[in-house]
Amino acid sequence: MIKKLAARIRQYKKQAVATPLFMVGEVAMEALIPLVMSWLIDRGIEQGNMSHIYLYGGILLVTAFLSLFSGVMSGRMAAVASAGFARNLRHEMYYTIQDYSFSNIDKFSTSSIITRLTTDVSNVQNAFQMILRMAVRAPLTLIFSMIMAFTINGRISLVFLFTLPVLALGIYTIMTRTHPIFRRVFKTYDKLNNVVQENLRGVRVVKSFVREDYEVEKFNGISGSIYQDFTHAERNLAFMSPLMMTCIFSCTLLISWLGAKAIIASGNNPDLGMTTGQLMSLITYVIQILSSLMMVSMVFLMITMSRASAQRIVEVLDEKSDIVSPALPVTELKDGSIDFDHVDFSYASRSERATLSDIDLHIPSGAVVGILGGTGSGKSTLVQMIPRLYDCTAGMVKVGGVDVKAYDLTALRDGVAMVLQKNELFSGTIKDNLRWGNERATDEEIAEACRLAQADGFIRDFPDQYDTWIEQGGTNVSGGQKQRLCIARALLKKPRILILDDSTSAVDTRTDAMIRAGFRSYIPDTTKIIIAQRVSSVMDADMIVVLDDGRMVDVGTHEELLARCEIYREVHDSQTKGGEKHE
C-alpha cells in the first residue's frame, strides 16, 4: 500500500526529499542553542566576560537564524510536496474511475467515491506532510537531545528514563482505543454524503411529499453518530496533553532538585557537580526529549487515522476495469448489424438467477427494432451489452459481424449512441451539452440534430436560444425537453447504431411519432433500437422483441405479435382498449 501511494509523489520527489534535509538543519541548530546558552551563562554572564558574551551571543543569533531559515524552507517544501501528492492522488483516482465499466462502478457507491476523493485524500495528505516533517524531526530531536543531555550530565539525565514507561503505556492505550473509532467514522461519512446527495437530487420530491422533517431527522441521526464518535475519540486524545505535561513537570522538578544539589556540591568537588548554565540546558534538553516522544506519538496517531483512508484510496486505484480493448483491436464498424448468439448475463458472477438467458437475436443494419417488456425484464441490460457497458457472461454479442470484445472500445462506443433512461445534462450552455456528441459540430449540424429530435422549436423560444444556460442535471428544463436534448446530442455522433432506452417517455405521442418519422427519413442506414413502455412507440418497427423475466418470448412485427404473442397482445389491449374506455 505504501509503495502504491509513494509512486504518486512523482514530480514532487525533490520537495519530498528536501523537506527532511532542511529539517535536519533545523533540529541540529535547535540542539546547539541550549548548549551555547549554557556557555553564555557560565563563561560570559557569571564571569562578567563581555568578549564571551558577544561571542556566544553572536553564535546564538546565527544558530537561531539558521534554525528559522531551515524551518521555513522545510515547511514550504512539505506544503508543496503534500499538496502535490494529494493532487496526484485525486487525479489518478479520477482517471481510474473514468476507465471503470458499469460493473466496476457498481462496487462503489457514488457517495463513497466522493468521500474517498475528498476526506480520505485530505487525511492522507495531512499524514504525508506530518511524516515528512514530524516523523523526521521527532527522532532527530530525540537523538540529538539525548546525546547533548548525557554529554552534560549522564547521571541526572537518567531521570527522564523513569517517565518513558508511563508515557509509552499512556500513548499506546490512547491509540488502541482511538483507531477503531476513526475507522468507523470514515464509513459513517459515506452514509452522510449519500444522504446529502440523495436529498439534493430529490429535493423536489422531498418538498412535494412534505418530507423535510423526515430528511432532517435522517441527517441528524447520521451526523449525530459522527459527533458521538468524534467526541469519544477527542475525549481519549484529551488525556494526551495532561499526560505529557505531567511527565515534563515531573522531570523538570526532579532535575531541578538533583541539579541544585549538584551545583551546591560543585563547591566542594567541581568534578562531581555542575554549573547553573548546564542545569538550564539539561532541563531544556529533557523537555525536548519528552516533546519529541509526544511528536512521535502524534505521528503514529495520524498514521493510524489515515491508514483506513489510505486503504480506501488504494481500493479505488487497484480496481481495474474488467472491460478493456484487446491487444490488436478492430477500429472500424463495418455496419450497424447486431447479433446476440445465445447470450446469458448475470450482474454477479455467482448470482443464482440470470438477468438474461439464452438471447438469440439477429438485427440487420438499418433496421428499426422495438423492445417491449415489463419492469425488470432485462431490456436495458440487453442494449448495454452492445457498446460493452457490460460484457455477457455466456454467448457472444457481435456488431458489424465482429465480436464486440474484438473492437477498440473508443471506436465501438463512437459508433453506438445511447440515450439512457436517466438522461443527464451538465452545467453549461445548450451548445456545450450538445457538443458532447461531437465537439467539432458546427452550429448548422447542431440545429439539424435538434430539428430531428423535435428540440429546435422550444430552444428558439428561449431568450438566449442555443446559448441558454443549463443548470446542473438540467433542472431548469422539463423532462420532455431534457429527453429531446439528449436525443439530439446522440444524433450528433452520427452513429451506426442508435439506442433509445425509454427516452421518449416524457414526450407526447405526437412528438414521439414525429421523432421516429424523422429517424426513418434522415438516418435510414442507422440501426435504431427503441425501448418503450408504449406500444405506439414501437408498433411501426421492422421487428419487435418481447422480453419477459430475462427471456426472449417472441420476435416479429406488430401484426404478427398481435396474432401469436399473448404478452404483447395483453399490453396492446390494456393500452388501447383501456384508453378507449377512459374516453
# chains A, B, ... in the order shown; residues from 1 in each chain; ligands from 1
call {"tool": "residues_around", "arguments": {"residues": "A:Gly376", "least_positions_apart": "3", "cutoff": "9 Å", "atoms": "only C-alpha atoms", "output": "compact mmCIF listing (two decimals) with C-alpha atoms, in the first residue's frame"}}
result
# COMPACT_ATOMS: atom_id res chain seq x y z
CA THR A 355 -30.69 -11.37 -15.66
CA GLY A 373 -41.22 -5.89 -21.68
CA LYS A 379 -34.42 -4.53 -21.64
CA SER A 380 -31.77 -2.00 -20.58
CA ASP A 548 -40.20 -11.40 -20.03
CA ASP A 549 -38.17 -12.25 -16.93
CA GLY A 550 -34.86 -12.13 -18.83
call {"tool": "residues_around", "arguments": {"residues": "A:Met134", "least_positions_apart": "6", "cutoff": "8 Å", "atoms": "only C-alpha atoms", "output": "PyMOL selection string"}}
result
chain A and resi 295-296+299
call {"tool": "write_last_selection", "arguments": {"atoms": "N, CA and C atoms", "output": "compact mmCIF listing (two decimals), in the first residue's frame"}}
result
# COMPACT_ATOMS: atom_id res chain seq x y z
N MET A 295 5.66 14.04 19.94
CA MET A 295 5.52 14.19 18.49
C MET A 295 5.46 12.83 17.80
N VAL A 296 6.30 11.93 18.25
CA VAL A 296 6.28 10.57 17.69
C VAL A 296 4.91 9.94 17.86
N VAL A 299 2.52 11.40 15.44
CA VAL A 299 2.75 10.86 14.10
C VAL A 299 2.08 9.50 13.96
call {"tool": "closest_atom_pairs", "arguments": {"of": "stretch 493-547 of chain A", "to": "stretch 386-402 of chain A", "cutoff": "10 Å", "atoms": "only C-alpha atoms", "output": "CSV"}}
result
residue,atom,partner,partner_atom,distance
A:Arg496,CA,A:Gly400,CA,9.5
A:Ile497,CA,A:Ile386,CA,9.2
A:Ile499,CA,A:Ile386,CA,9.5
call {"tool": "write_last_selection", "arguments": {"atoms": "N, CA and C atoms", "output": "PDB file, in the first residue's frame"}}
result
ATOM      1  N   ARG A 496     -23.671   4.484 -36.135  1.00  0.00           N
ATOM      2  CA  ARG A 496     -24.208   3.386 -36.940  1.00  0.00           C
ATOM      3  C   ARG A 496     -25.359   2.702 -36.208  1.00  0.00           C
ATOM      4  N   ILE A 497     -25.352   2.825 -34.882  1.00  0.00           N
ATOM      5  CA  ILE A 497     -26.429   2.248 -34.065  1.00  0.00           C
ATOM      6  C   ILE A 497     -26.914   3.313 -33.087  1.00  0.00           C
ATOM      7  N   ILE A 499     -29.535   3.878 -29.877  1.00  0.00           N
ATOM      8  CA  ILE A 499     -30.335   3.170 -28.880  1.00  0.00           C
ATOM      9  C   ILE A 499     -31.080   4.197 -28.038  1.00  0.00           C
TER      10      ILE A 499
END
call {"tool": "residues_around", "arguments": {"residues": "A:Ala168", "least_positions_apart": "5", "cutoff": "9 Å", "atoms": "only C-alpha atoms", "output": "PyMOL selection string"}}
result
chain A and resi 163+173+293+297
call {"tool": "write_last_selection", "arguments": {"atoms": "C-alpha atoms", "output": "PDB file, in the first residue's frame"}}
result
ATOM      1  CA  THR A 163       8.909   8.554  32.806  1.00  0.00           C
ATOM      2  CA  THR A 173      -3.669   2.877  25.420  1.00  0.00           C
ATOM      3  CA  LEU A 293       8.232  11.477  22.183  1.00  0.00           C
ATOM      4  CA  SER A 297       3.004   9.545  19.305  1.00  0.00           C
TER       5      SER A 297
END
call {"tool": "residues_around", "arguments": {"residues": "A:Tyr12", "least_positions_apart": "3", "cutoff": "7 Å", "atoms": "only C-alpha atoms", "output": "PyMOL selection string"}}
result
chain A and resi 9+15-16+81+84
call {"tool": "write_last_selection", "arguments": {"atoms": "C-alpha atoms", "output": "tab-separated table (two decimals), in the first residue's frame"}}
result
chain	number	residue	atom	x	y	z
A	9	ILE	CA	4.52	11.58	-5.46
A	15	GLN	CA	10.46	18.69	-2.42
A	16	ALA	CA	9.74	15.46	-0.53
A	81	ALA	CA	5.07	18.09	-1.65
A	84	GLY	CA	1.11	17.97	-4.95
call {"tool": "select_by_dssp", "arguments": {"residues": "stretch 282-433 of chain A", "states": "strand (DSSP E)", "output": "MDAnalysis selection string"}}
result
chainID A and resid 338:345 356:363 368:373 394:399 402:403 416:419 428:429
call {"tool": "residues_around", "arguments": {"residues": "stretch 464-477 of chain A", "least_positions_apart": "4", "cutoff": "10 Å", "atoms": "only C-alpha atoms", "output": "PyMOL selection string"}}
result
chain A and resi 201+423-434+443+446-447+456-460+481-483+485
call {"tool": "residues_around", "arguments": {"residues": "stretch 561-568 of chain A", "least_positions_apart": "6", "cutoff": "10 Å", "atoms": "only C-alpha atoms", "output": "short mmCIF file (atom, residue, chain, number, x, y, z; two decimals) with N, CA and C atoms, in the first residue's frame"}}
result
data_model
loop_
_atom_site.label_atom_id
_atom_site.label_comp_id
_atom_site.auth_asym_id
_atom_site.auth_seq_id
_atom_site.Cartn_x
_atom_site.Cartn_y
_atom_site.Cartn_z
N LEU A 372 -39.92 -4.47 -26.02
CA LEU A 372 -41.03 -4.28 -25.08
C LEU A 372 -40.93 -5.33 -23.99
N GLY A 373 -41.25 -4.94 -22.80
CA GLY A 373 -41.22 -5.89 -21.68
C GLY A 373 -41.51 -5.18 -20.37
N GLY A 374 -41.86 -5.95 -19.38
CA GLY A 374 -42.17 -5.37 -18.08
C GLY A 374 -40.92 -4.90 -17.35
N VAL A 535 -46.87 0.78 -26.60
CA VAL A 535 -46.91 0.01 -27.84
C VAL A 535 -46.87 0.92 -29.05
N MET A 539 -44.84 0.11 -32.59
CA MET A 539 -45.71 -0.70 -33.45
C MET A 539 -45.35 -0.61 -34.93
N MET A 543 -39.05 -4.90 -36.54
CA MET A 543 -39.22 -6.07 -35.68
C MET A 543 -39.38 -5.60 -34.24
N ILE A 544 -40.16 -6.35 -33.48
CA ILE A 544 -40.39 -6.03 -32.08
C ILE A 544 -39.97 -7.24 -31.26
N VAL A 545 -39.14 -7.00 -30.25
CA VAL A 545 -38.66 -8.06 -29.37
C VAL A 545 -39.44 -7.97 -28.06
N VAL A 546 -40.03 -9.07 -27.65
CA VAL A 546 -40.77 -9.11 -26.39
C VAL A 546 -39.95 -9.88 -25.37
N LEU A 547 -39.62 -9.22 -24.26
CA LEU A 547 -38.85 -9.85 -23.18
C LEU A 547 -39.74 -10.05 -21.97
N ASP A 548 -39.48 -11.13 -21.27
CA ASP A 548 -40.20 -11.40 -20.03
C ASP A 548 -39.28 -12.19 -19.10
N VAL A 553 -39.33 -13.81 -25.40
CA VAL A 553 -40.57 -14.56 -25.58
C VAL A 553 -40.91 -14.72 -27.06
N ASP A 554 -40.74 -13.60 -27.82
CA ASP A 554 -41.12 -13.66 -29.23
C ASP A 554 -40.49 -12.48 -29.96
N VAL A 555 -40.37 -12.61 -31.28
CA VAL A 555 -39.87 -11.54 -32.15
C VAL A 555 -40.74 -11.52 -33.40
N SER A 574 -54.39 -3.50 -23.14
CA SER A 574 -54.52 -2.68 -21.93
C SER A 574 -54.30 -1.21 -22.22
#
call {"tool": "select_by_dssp", "arguments": {"residues": "stretch 282-351 of chain A", "states": "helix (DSSP H, G or I)", "output": "JSON, numbers by chain"}}
result
{"A": [282, 283, 284, 285, 286, 287, 288, 289, 290, 291, 292, 293, 294, 295, 296, 297, 298, 299, 300, 301, 302, 303, 304, 305, 306, 307, 308, 309, 310, 311, 312, 313, 314, 315, 316, 317, 318]}
